[in-house]
$ cat upload-v5.cif   # mmCIF, N, CA and C atoms
data_work
#
loop_
_atom_site.label_atom_id
_atom_site.label_comp_id
_atom_site.auth_asym_id
_atom_site.auth_seq_id
_atom_site.Cartn_x
_atom_site.Cartn_y
_atom_site.Cartn_z
N MET A 1 -113.33 3.57 7.06
CA MET A 1 -112.55 2.81 8.03
C MET A 1 -111.16 3.44 8.16
N ILE A 2 -110.69 3.59 9.36
CA ILE A 2 -109.38 4.20 9.63
C ILE A 2 -108.33 3.10 9.64
N LYS A 3 -107.27 3.33 8.87
CA LYS A 3 -106.16 2.38 8.83
C LYS A 3 -105.13 2.79 9.89
N ILE A 4 -104.71 1.84 10.71
CA ILE A 4 -103.77 2.11 11.79
C ILE A 4 -102.37 1.68 11.36
N ASN A 5 -101.42 2.57 11.53
CA ASN A 5 -100.03 2.25 11.22
C ASN A 5 -99.45 1.52 12.43
N SER A 6 -99.32 0.20 12.32
CA SER A 6 -98.90 -0.60 13.47
C SER A 6 -97.47 -0.27 13.90
N ARG A 7 -96.61 0.12 12.96
CA ARG A 7 -95.23 0.48 13.32
C ARG A 7 -95.21 1.74 14.17
N ALA A 8 -96.01 2.74 13.78
CA ALA A 8 -96.08 3.99 14.55
C ALA A 8 -96.72 3.74 15.92
N LYS A 9 -97.74 2.90 15.94
CA LYS A 9 -98.41 2.54 17.20
C LYS A 9 -97.44 1.84 18.14
N GLY A 10 -96.64 0.91 17.59
CA GLY A 10 -95.65 0.20 18.40
C GLY A 10 -94.57 1.13 18.93
N ALA A 11 -94.08 2.04 18.08
CA ALA A 11 -93.04 2.99 18.50
C ALA A 11 -93.57 3.92 19.59
N ALA A 12 -94.82 4.36 19.45
CA ALA A 12 -95.41 5.23 20.47
C ALA A 12 -95.53 4.49 21.80
N PHE A 13 -95.89 3.21 21.76
CA PHE A 13 -95.99 2.43 22.98
C PHE A 13 -94.61 2.23 23.62
N GLU A 14 -93.61 1.98 22.80
CA GLU A 14 -92.24 1.84 23.32
C GLU A 14 -91.80 3.13 24.02
N ARG A 15 -92.10 4.29 23.42
CA ARG A 15 -91.75 5.57 24.06
C ARG A 15 -92.48 5.73 25.39
N LEU A 16 -93.75 5.36 25.41
CA LEU A 16 -94.53 5.43 26.65
C LEU A 16 -93.90 4.56 27.73
N ILE A 17 -93.50 3.34 27.38
CA ILE A 17 -92.91 2.42 28.36
C ILE A 17 -91.55 2.95 28.84
N VAL A 18 -90.74 3.46 27.93
CA VAL A 18 -89.45 4.04 28.32
C VAL A 18 -89.69 5.16 29.34
N ASN A 19 -90.66 6.02 29.08
CA ASN A 19 -90.95 7.12 30.01
C ASN A 19 -91.45 6.60 31.35
N LYS A 20 -92.31 5.59 31.33
CA LYS A 20 -92.82 5.03 32.59
C LYS A 20 -91.69 4.37 33.40
N ILE A 21 -90.83 3.61 32.74
CA ILE A 21 -89.71 2.98 33.45
C ILE A 21 -88.78 4.05 34.01
N ASN A 22 -88.48 5.05 33.21
CA ASN A 22 -87.60 6.13 33.69
C ASN A 22 -88.22 6.88 34.86
N ASP A 23 -89.54 7.09 34.84
CA ASP A 23 -90.22 7.71 35.97
C ASP A 23 -90.09 6.83 37.22
N CYS A 24 -90.25 5.52 37.06
CA CYS A 24 -90.12 4.59 38.19
C CYS A 24 -88.70 4.63 38.76
N LEU A 25 -87.72 4.65 37.88
CA LEU A 25 -86.32 4.72 38.33
C LEU A 25 -86.07 6.01 39.09
N ALA A 26 -86.56 7.11 38.58
CA ALA A 26 -86.37 8.41 39.24
C ALA A 26 -87.07 8.44 40.59
N GLU A 27 -88.30 7.91 40.66
CA GLU A 27 -89.05 7.89 41.92
C GLU A 27 -88.33 7.09 42.99
N GLN A 28 -87.58 6.07 42.57
CA GLN A 28 -86.86 5.24 43.53
C GLN A 28 -85.43 5.72 43.74
N GLY A 29 -85.13 6.90 43.21
CA GLY A 29 -83.82 7.51 43.45
C GLY A 29 -82.67 6.88 42.68
N MET A 30 -82.98 6.18 41.61
CA MET A 30 -81.93 5.57 40.81
C MET A 30 -81.54 6.51 39.67
N ASP A 31 -80.25 6.55 39.38
CA ASP A 31 -79.76 7.43 38.32
C ASP A 31 -79.84 6.81 36.93
N ASP A 32 -80.00 5.50 36.85
CA ASP A 32 -80.05 4.82 35.56
C ASP A 32 -81.28 5.26 34.77
N ARG A 33 -81.17 5.22 33.44
CA ARG A 33 -82.29 5.51 32.56
C ARG A 33 -82.26 4.51 31.40
N VAL A 34 -83.43 4.25 30.84
CA VAL A 34 -83.55 3.36 29.69
C VAL A 34 -83.84 4.17 28.44
N SER A 35 -83.59 3.55 27.30
CA SER A 35 -83.95 4.16 26.03
C SER A 35 -84.32 3.05 25.05
N ARG A 36 -84.99 3.44 24.00
CA ARG A 36 -85.39 2.47 22.98
C ARG A 36 -84.17 1.95 22.23
N ASN A 37 -84.27 0.74 21.77
CA ASN A 37 -83.23 0.12 20.95
C ASN A 37 -83.63 0.34 19.49
N PHE A 38 -83.05 1.35 18.85
CA PHE A 38 -83.43 1.67 17.47
C PHE A 38 -82.93 0.63 16.48
N ASP A 39 -81.94 -0.16 16.83
CA ASP A 39 -81.44 -1.21 15.94
C ASP A 39 -82.50 -2.27 15.65
N GLN A 40 -83.44 -2.44 16.58
CA GLN A 40 -84.44 -3.49 16.42
C GLN A 40 -85.37 -3.23 15.23
N SER A 41 -85.41 -1.99 14.74
CA SER A 41 -86.31 -1.72 13.61
C SER A 41 -85.75 -2.23 12.28
N TRP A 42 -84.46 -2.50 12.21
CA TRP A 42 -83.88 -3.00 10.96
C TRP A 42 -83.12 -4.30 11.11
N LYS A 43 -82.91 -4.77 12.33
CA LYS A 43 -82.19 -6.02 12.54
C LYS A 43 -83.09 -6.97 13.34
N ALA A 44 -83.43 -8.08 12.75
CA ALA A 44 -84.33 -9.05 13.38
C ALA A 44 -83.70 -9.67 14.62
N GLY A 45 -84.56 -10.07 15.56
CA GLY A 45 -84.11 -10.81 16.73
C GLY A 45 -83.71 -9.96 17.91
N LEU A 46 -83.82 -8.63 17.79
CA LEU A 46 -83.45 -7.75 18.90
C LEU A 46 -84.71 -7.28 19.61
N ALA A 47 -84.56 -7.00 20.89
CA ALA A 47 -85.68 -6.52 21.70
C ALA A 47 -85.85 -5.01 21.52
N ASP A 48 -86.97 -4.51 22.03
CA ASP A 48 -87.27 -3.08 21.94
C ASP A 48 -86.43 -2.26 22.89
N ILE A 49 -86.14 -2.82 24.06
CA ILE A 49 -85.41 -2.10 25.10
C ILE A 49 -84.44 -3.07 25.78
N TYR A 50 -83.23 -2.62 26.00
CA TYR A 50 -82.28 -3.36 26.84
C TYR A 50 -81.94 -2.47 28.02
N PHE A 51 -81.96 -3.05 29.21
CA PHE A 51 -81.63 -2.29 30.42
C PHE A 51 -80.93 -3.24 31.38
N LYS A 52 -79.70 -2.87 31.73
CA LYS A 52 -78.87 -3.74 32.56
C LYS A 52 -78.86 -5.12 31.91
N ASN A 53 -79.30 -6.15 32.64
CA ASN A 53 -79.34 -7.47 32.01
C ASN A 53 -80.77 -7.91 31.68
N PHE A 54 -81.62 -6.93 31.39
CA PHE A 54 -82.99 -7.20 30.99
C PHE A 54 -83.17 -6.96 29.50
N CYS A 55 -83.97 -7.80 28.90
CA CYS A 55 -84.37 -7.70 27.51
C CYS A 55 -85.88 -7.48 27.53
N ILE A 56 -86.34 -6.34 27.06
CA ILE A 56 -87.75 -5.96 27.20
C ILE A 56 -88.39 -5.85 25.82
N GLU A 57 -89.48 -6.56 25.65
CA GLU A 57 -90.26 -6.50 24.42
C GLU A 57 -91.60 -5.84 24.75
N CYS A 58 -92.02 -4.87 23.94
CA CYS A 58 -93.26 -4.14 24.15
C CYS A 58 -94.26 -4.49 23.06
N LYS A 59 -95.49 -4.76 23.46
CA LYS A 59 -96.54 -5.10 22.51
C LYS A 59 -97.79 -4.29 22.83
N ARG A 60 -98.29 -3.59 21.84
CA ARG A 60 -99.53 -2.82 21.95
C ARG A 60 -100.49 -3.41 20.94
N TYR A 61 -101.64 -3.86 21.41
CA TYR A 61 -102.53 -4.60 20.55
C TYR A 61 -103.95 -4.05 20.67
N GLY A 62 -104.81 -4.49 19.79
CA GLY A 62 -106.21 -4.04 19.75
C GLY A 62 -107.02 -4.52 20.93
N ASP A 63 -108.15 -5.08 20.65
CA ASP A 63 -109.08 -5.48 21.69
C ASP A 63 -108.80 -6.89 22.20
N SER A 64 -109.18 -7.12 23.45
CA SER A 64 -109.06 -8.43 24.07
C SER A 64 -110.13 -8.57 25.14
N ASN A 65 -110.79 -9.70 25.15
CA ASN A 65 -111.77 -9.97 26.20
C ASN A 65 -111.10 -10.48 27.47
N THR A 66 -109.89 -11.03 27.32
CA THR A 66 -109.24 -11.70 28.45
C THR A 66 -108.05 -10.93 29.02
N ASN A 67 -107.48 -9.99 28.27
CA ASN A 67 -106.26 -9.27 28.65
C ASN A 67 -105.09 -10.23 28.83
N GLN A 68 -105.13 -11.35 28.14
CA GLN A 68 -104.07 -12.36 28.22
C GLN A 68 -103.09 -12.14 27.08
N TYR A 69 -101.79 -12.15 27.41
CA TYR A 69 -100.76 -11.99 26.39
C TYR A 69 -100.78 -13.17 25.42
N LYS A 70 -100.19 -12.96 24.26
CA LYS A 70 -100.08 -14.04 23.27
C LYS A 70 -98.79 -14.80 23.51
N GLU A 71 -98.87 -16.10 23.50
CA GLU A 71 -97.70 -16.94 23.76
C GLU A 71 -96.57 -16.63 22.78
N ALA A 72 -96.91 -16.28 21.55
CA ALA A 72 -95.88 -15.95 20.55
C ALA A 72 -95.07 -14.73 21.00
N TRP A 73 -95.68 -13.80 21.73
CA TRP A 73 -94.95 -12.62 22.23
C TRP A 73 -93.89 -13.06 23.24
N TRP A 74 -94.29 -13.96 24.15
CA TRP A 74 -93.35 -14.44 25.16
C TRP A 74 -92.21 -15.21 24.50
N GLN A 75 -92.53 -16.03 23.51
CA GLN A 75 -91.50 -16.77 22.79
C GLN A 75 -90.54 -15.82 22.07
N GLN A 76 -91.06 -14.72 21.55
CA GLN A 76 -90.21 -13.73 20.88
C GLN A 76 -89.22 -13.11 21.85
N VAL A 77 -89.67 -12.73 23.04
CA VAL A 77 -88.75 -12.11 24.00
C VAL A 77 -87.77 -13.14 24.55
N LEU A 78 -88.20 -14.39 24.70
CA LEU A 78 -87.27 -15.44 25.13
C LEU A 78 -86.15 -15.60 24.11
N LYS A 79 -86.51 -15.58 22.85
CA LYS A 79 -85.51 -15.71 21.79
C LYS A 79 -84.56 -14.52 21.77
N SER A 80 -85.11 -13.32 21.92
CA SER A 80 -84.27 -12.11 21.95
C SER A 80 -83.33 -12.11 23.16
N ALA A 81 -83.82 -12.61 24.28
CA ALA A 81 -83.03 -12.62 25.52
C ALA A 81 -81.91 -13.64 25.46
N GLY A 82 -82.17 -14.78 24.82
CA GLY A 82 -81.16 -15.83 24.76
C GLY A 82 -80.71 -16.22 26.15
N ASP A 83 -79.43 -16.53 26.29
CA ASP A 83 -78.87 -16.91 27.59
C ASP A 83 -78.26 -15.73 28.33
N ASP A 84 -78.20 -14.58 27.68
CA ASP A 84 -77.48 -13.43 28.24
C ASP A 84 -78.36 -12.43 28.98
N PHE A 85 -79.68 -12.46 28.72
CA PHE A 85 -80.56 -11.46 29.30
C PHE A 85 -81.76 -12.10 29.98
N ILE A 86 -82.40 -11.34 30.85
CA ILE A 86 -83.62 -11.76 31.52
C ILE A 86 -84.79 -11.17 30.72
N PRO A 87 -85.72 -12.02 30.25
CA PRO A 87 -86.81 -11.53 29.42
C PRO A 87 -87.91 -10.85 30.22
N ILE A 88 -88.44 -9.77 29.65
CA ILE A 88 -89.64 -9.12 30.18
C ILE A 88 -90.51 -8.75 28.99
N LEU A 89 -91.76 -9.12 29.07
CA LEU A 89 -92.75 -8.73 28.07
C LEU A 89 -93.68 -7.70 28.71
N ILE A 90 -93.83 -6.55 28.07
CA ILE A 90 -94.76 -5.52 28.54
C ILE A 90 -95.79 -5.34 27.43
N TYR A 91 -97.06 -5.48 27.79
CA TYR A 91 -98.10 -5.42 26.77
C TYR A 91 -99.32 -4.65 27.24
N LYS A 92 -100.08 -4.20 26.25
CA LYS A 92 -101.32 -3.47 26.53
C LYS A 92 -102.32 -3.71 25.41
N PHE A 93 -103.55 -3.99 25.81
CA PHE A 93 -104.67 -4.06 24.89
C PHE A 93 -105.50 -2.78 25.05
N ASN A 94 -106.29 -2.45 24.05
CA ASN A 94 -107.15 -1.27 24.13
C ASN A 94 -108.01 -1.30 25.39
N ARG A 95 -108.08 -0.16 26.05
CA ARG A 95 -108.93 0.02 27.23
C ARG A 95 -108.62 -0.96 28.37
N LYS A 96 -107.38 -1.43 28.43
CA LYS A 96 -106.93 -2.34 29.49
C LYS A 96 -105.65 -1.76 30.09
N PRO A 97 -105.34 -2.12 31.34
CA PRO A 97 -104.09 -1.65 31.94
C PRO A 97 -102.87 -2.33 31.31
N ILE A 98 -101.71 -1.76 31.53
CA ILE A 98 -100.46 -2.32 31.02
C ILE A 98 -100.02 -3.44 31.95
N TYR A 99 -99.66 -4.57 31.37
CA TYR A 99 -99.20 -5.73 32.13
C TYR A 99 -97.80 -6.14 31.72
N CYS A 100 -97.14 -6.87 32.61
CA CYS A 100 -95.78 -7.36 32.37
C CYS A 100 -95.73 -8.86 32.64
N VAL A 101 -95.01 -9.56 31.81
CA VAL A 101 -94.73 -10.97 32.03
C VAL A 101 -93.24 -11.05 32.36
N VAL A 102 -92.94 -11.59 33.54
CA VAL A 102 -91.55 -11.68 34.00
C VAL A 102 -91.31 -13.08 34.58
N PRO A 103 -90.08 -13.55 34.52
CA PRO A 103 -89.78 -14.83 35.17
C PRO A 103 -90.12 -14.75 36.66
N LEU A 104 -90.74 -15.79 37.16
CA LEU A 104 -91.19 -15.80 38.56
C LEU A 104 -90.03 -15.62 39.54
N TRP A 105 -88.87 -16.18 39.24
CA TRP A 105 -87.73 -16.08 40.16
C TRP A 105 -87.28 -14.63 40.34
N VAL A 106 -87.50 -13.80 39.33
CA VAL A 106 -87.11 -12.39 39.43
C VAL A 106 -88.14 -11.60 40.23
N TYR A 107 -89.40 -11.92 40.03
CA TYR A 107 -90.47 -11.14 40.65
C TYR A 107 -90.82 -11.60 42.07
N SER A 108 -90.67 -12.87 42.34
CA SER A 108 -91.06 -13.42 43.64
C SER A 108 -90.20 -12.84 44.76
N SER A 109 -90.82 -12.68 45.92
CA SER A 109 -90.08 -12.19 47.08
C SER A 109 -89.25 -13.31 47.71
N LYS A 110 -89.48 -14.55 47.29
CA LYS A 110 -88.72 -15.69 47.81
C LYS A 110 -87.43 -15.85 47.01
N GLU A 111 -86.39 -16.26 47.68
CA GLU A 111 -85.13 -16.56 47.00
C GLU A 111 -85.27 -17.91 46.29
N SER A 112 -84.72 -17.99 45.10
CA SER A 112 -84.81 -19.22 44.33
C SER A 112 -83.50 -19.46 43.60
N SER A 113 -83.04 -20.69 43.66
CA SER A 113 -81.85 -21.04 42.90
C SER A 113 -82.23 -21.46 41.48
N ASN A 114 -83.53 -21.71 41.25
CA ASN A 114 -84.02 -22.10 39.94
C ASN A 114 -84.32 -20.85 39.11
N LYS A 115 -83.42 -20.52 38.23
CA LYS A 115 -83.57 -19.33 37.41
C LYS A 115 -84.16 -19.69 36.05
N SER A 116 -85.29 -20.35 36.09
CA SER A 116 -85.97 -20.79 34.88
C SER A 116 -86.92 -19.70 34.38
N ASN A 117 -87.03 -19.60 33.07
CA ASN A 117 -87.98 -18.67 32.47
C ASN A 117 -89.31 -19.34 32.16
N SER A 118 -89.47 -20.60 32.55
CA SER A 118 -90.71 -21.31 32.25
C SER A 118 -91.82 -21.00 33.27
N SER A 119 -91.45 -20.63 34.49
CA SER A 119 -92.44 -20.18 35.47
C SER A 119 -92.45 -18.67 35.46
N ILE A 120 -93.63 -18.10 35.22
CA ILE A 120 -93.72 -16.65 35.03
C ILE A 120 -94.75 -16.02 35.94
N ALA A 121 -94.63 -14.72 36.11
CA ALA A 121 -95.63 -13.90 36.80
C ALA A 121 -96.18 -12.93 35.77
N ASN A 122 -97.48 -12.73 35.80
CA ASN A 122 -98.14 -11.77 34.92
C ASN A 122 -98.71 -10.69 35.83
N VAL A 123 -98.08 -9.52 35.85
CA VAL A 123 -98.39 -8.49 36.84
C VAL A 123 -98.60 -7.13 36.19
N PRO A 124 -99.41 -6.28 36.81
CA PRO A 124 -99.56 -4.92 36.31
C PRO A 124 -98.22 -4.17 36.34
N LEU A 125 -98.00 -3.30 35.38
CA LEU A 125 -96.76 -2.53 35.32
C LEU A 125 -96.52 -1.77 36.63
N GLU A 126 -97.56 -1.23 37.23
CA GLU A 126 -97.40 -0.48 38.48
C GLU A 126 -96.81 -1.35 39.59
N ASP A 127 -97.23 -2.62 39.64
CA ASP A 127 -96.70 -3.54 40.65
C ASP A 127 -95.21 -3.79 40.43
N LEU A 128 -94.85 -3.98 39.17
CA LEU A 128 -93.43 -4.21 38.86
C LEU A 128 -92.61 -2.96 39.21
N CYS A 129 -93.14 -1.79 38.91
CA CYS A 129 -92.43 -0.55 39.23
C CYS A 129 -92.24 -0.37 40.73
N GLU A 130 -93.24 -0.74 41.51
CA GLU A 130 -93.14 -0.62 42.96
C GLU A 130 -92.01 -1.48 43.52
N ARG A 131 -91.71 -2.57 42.85
CA ARG A 131 -90.67 -3.50 43.32
C ARG A 131 -89.43 -3.45 42.44
N LEU A 132 -89.26 -2.37 41.68
CA LEU A 132 -88.21 -2.30 40.69
C LEU A 132 -86.81 -2.48 41.27
N SER A 133 -86.52 -1.82 42.38
CA SER A 133 -85.16 -1.96 42.94
C SER A 133 -84.90 -3.40 43.39
N GLU A 134 -85.91 -4.05 43.95
CA GLU A 134 -85.77 -5.46 44.36
C GLU A 134 -85.56 -6.35 43.14
N VAL A 135 -86.32 -6.10 42.08
CA VAL A 135 -86.19 -6.89 40.84
C VAL A 135 -84.79 -6.71 40.25
N ILE A 136 -84.33 -5.47 40.21
CA ILE A 136 -83.00 -5.21 39.66
C ILE A 136 -81.93 -5.89 40.50
N ASN A 137 -82.05 -5.82 41.83
CA ASN A 137 -81.08 -6.47 42.71
C ASN A 137 -81.07 -7.98 42.53
N LYS A 138 -82.24 -8.59 42.38
CA LYS A 138 -82.28 -10.05 42.18
C LYS A 138 -81.67 -10.44 40.85
N SER A 139 -81.77 -9.57 39.87
CA SER A 139 -81.25 -9.91 38.54
C SER A 139 -79.73 -9.87 38.50
N ASN A 140 -79.11 -9.22 39.45
CA ASN A 140 -77.66 -9.10 39.47
C ASN A 140 -76.98 -10.32 40.08
N VAL A 141 -77.77 -11.23 40.61
CA VAL A 141 -77.22 -12.41 41.28
C VAL A 141 -76.67 -13.38 40.28
#
$ encode --input "upload-v5.cif" --output "structure tokens"
Amino acid sequence: MIKINSRAKGAAFERLIVNKINDCLAEQGMDDRVSRNFDQSWKAGLADIYFKNFCIECKRYGDSNTNQYKEAWWQQVLKSAGDDFIPILIYKFNRKPIYCVVPLWVYSSKESSNKSNSSIANVPLEDLCERLSEVINKSNV
């Protein structure tokens, strides 16, 4: 039986996500870039990536029949985000596409004065990347 180093697996997934986000930013002509938050490996309560006013938690997990994120992951990113950041959960199960959980007010094309994190959208990473400039603009409000 092969033993998997979950820390190395998580770090590799974080690097993959940083590269994908940076590719999306470059494709949309934005000069900003993201990087991993190395402090999170030794200080509890920090997210994997901070970008502008976003707090991003990355989760890479084994098999899933449903491709549904774990509620504990969302609670973790909510805690890391606190009142100062907008939470985003990016996750992937084996042999499944990468998905993102984002507050609905950030992702929705409708304007909303309700900036609650209790209503969420669960979308493929590609969809979020396609609307990245719109998401970033809504987050600055």
$ select_by_dssp --input "upload-v5.cif" --residues "stretch 5-117 of chain A" --states "strand (DSSP E)" --output "list in words"
Ile49, Tyr50, Phe51, Phe54, Cys55, Ile56, Glu57, Cys58, Lys59, Arg60, Tyr61, Ile86, Pro87, Ile88, Leu89, Ile90, Tyr91, Lys92, Phe93, Tyr99, Cys100, Val101, Val102 and Pro103 of chain A
$ closest_residue --input "upload-v5.cif" --among "A:Glu134, A:Glu27, A:Glu14, A:Asp83" --to "A:Cys58" --atoms "only N, CA and C atoms"
A:Glu14
$ residues_around --input "upload-v5.cif" --residues "A:Tyr91" --least-positions-apart "2" --cutoff "12 Å" --atoms "only C-alpha atoms" --output "PyMOL selection string"
chain A and resi 10+13-14+16-17+56-62+64+67-71+73-74+77+88-89+93-94+96-102+122-125
$ atom_distance --input "upload-v5.cif" --atom1 "atom CA of A:Ile49" --atom2 "atom N of A:Ala121"
19.1 Å
$ resolve_selection --input "upload-v5.cif" --expression "the PyMOL selection byres ((chain A and resi 50) around 8)" --output "short mmCIF file (atom, residue, chain, number, x, y, z; two decimals) with N, CA and C atoms, in the coordinates of the input"
data_model
loop_
_atom_site.label_atom_id
_atom_site.label_comp_id
_atom_site.auth_asym_id
_atom_site.auth_seq_id
_atom_site.Cartn_x
_atom_site.Cartn_y
_atom_site.Cartn_z
N ARG A 33 -81.17 5.22 33.44
CA ARG A 33 -82.29 5.51 32.56
C ARG A 33 -82.26 4.51 31.40
N VAL A 34 -83.43 4.25 30.84
CA VAL A 34 -83.55 3.36 29.69
C VAL A 34 -83.84 4.17 28.44
N SER A 35 -83.59 3.55 27.30
CA SER A 35 -83.95 4.16 26.03
C SER A 35 -84.32 3.05 25.05
N ARG A 36 -84.99 3.44 24.00
CA ARG A 36 -85.39 2.47 22.98
C ARG A 36 -84.17 1.95 22.23
N ASN A 37 -84.27 0.74 21.77
CA ASN A 37 -83.23 0.12 20.95
C ASN A 37 -83.63 0.34 19.49
N ALA A 47 -84.56 -7.00 20.89
CA ALA A 47 -85.68 -6.52 21.70
C ALA A 47 -85.85 -5.01 21.52
N ASP A 48 -86.97 -4.51 22.03
CA ASP A 48 -87.27 -3.08 21.94
C ASP A 48 -86.43 -2.26 22.89
N ILE A 49 -86.14 -2.82 24.06
CA ILE A 49 -85.41 -2.10 25.10
C ILE A 49 -84.44 -3.07 25.78
N PHE A 51 -81.96 -3.05 29.21
CA PHE A 51 -81.63 -2.29 30.42
C PHE A 51 -80.93 -3.24 31.38
N LYS A 52 -79.70 -2.87 31.73
CA LYS A 52 -78.87 -3.74 32.56
C LYS A 52 -78.86 -5.12 31.91
N ASN A 53 -79.30 -6.15 32.64
CA ASN A 53 -79.34 -7.47 32.01
C ASN A 53 -80.77 -7.91 31.68
N PHE A 54 -81.62 -6.93 31.39
CA PHE A 54 -82.99 -7.20 30.99
C PHE A 54 -83.17 -6.96 29.50
N CYS A 55 -83.97 -7.80 28.90
CA CYS A 55 -84.37 -7.70 27.51
C CYS A 55 -85.88 -7.48 27.53
N ILE A 56 -86.34 -6.34 27.06
CA ILE A 56 -87.75 -5.96 27.20
C ILE A 56 -88.39 -5.85 25.82
N GLU A 57 -89.48 -6.56 25.65
CA GLU A 57 -90.26 -6.50 24.42
C GLU A 57 -91.60 -5.84 24.75
#
$ closest_residue --input "upload-v5.cif" --among "A:Ser116, A:Lys79, A:Trp105, A:Glu126" --to "A:Ser139" --atoms "all atoms listed in the file"
A:Trp105
$ atom_distance --input "upload-v5.cif" --atom1 "atom N of A:Asn22" --atom2 "atom N of A:Ile136"
13.3 Å
$ closest_residue --input "upload-v5.cif" --among "A:Asn19, A:Thr66, A:Gln28, A:Ser133" --to "A:Arg95" --atoms "only C-alpha atoms"
A:Thr66
$ atom_distance --input "upload-v5.cif" --atom1 "atom N of A:Leu78" --atom2 "atom CA of A:Val18"
18.8 Å
$ select_by_dssp --input "upload-v5.cif" --residues "chain A" --states "helix (DSSP H, G or I)" --output "PyMOL selection string"
chain A and resi 6-27+38-41+71-81+104-107+125-130+132-139
$ closest_residue --input "upload-v5.cif" --among "A:Ala72, A:Glu130, A:Asn140, A:Asn65" --to "A:Cys24" --atoms "only N, CA and C atoms"
A:Glu130
$ closest_residue --input "upload-v5.cif" --among "A:Leu46, A:Ser6, A:Lys92, A:Lys20" --to "A:Asp63" --atoms "only N, CA and C atoms"
A:Lys92
$ axis_aligned_box --input "upload-v5.cif" --around "stretch 96-101 of chain A" --padding-each-side "8 Å" --output "AutoDock Vina command-line options"
--center_x -100.3 --center_y -6.2 --center_z 30.5 --size_x 30.1 --size_y 25.6 --size_z 20.2
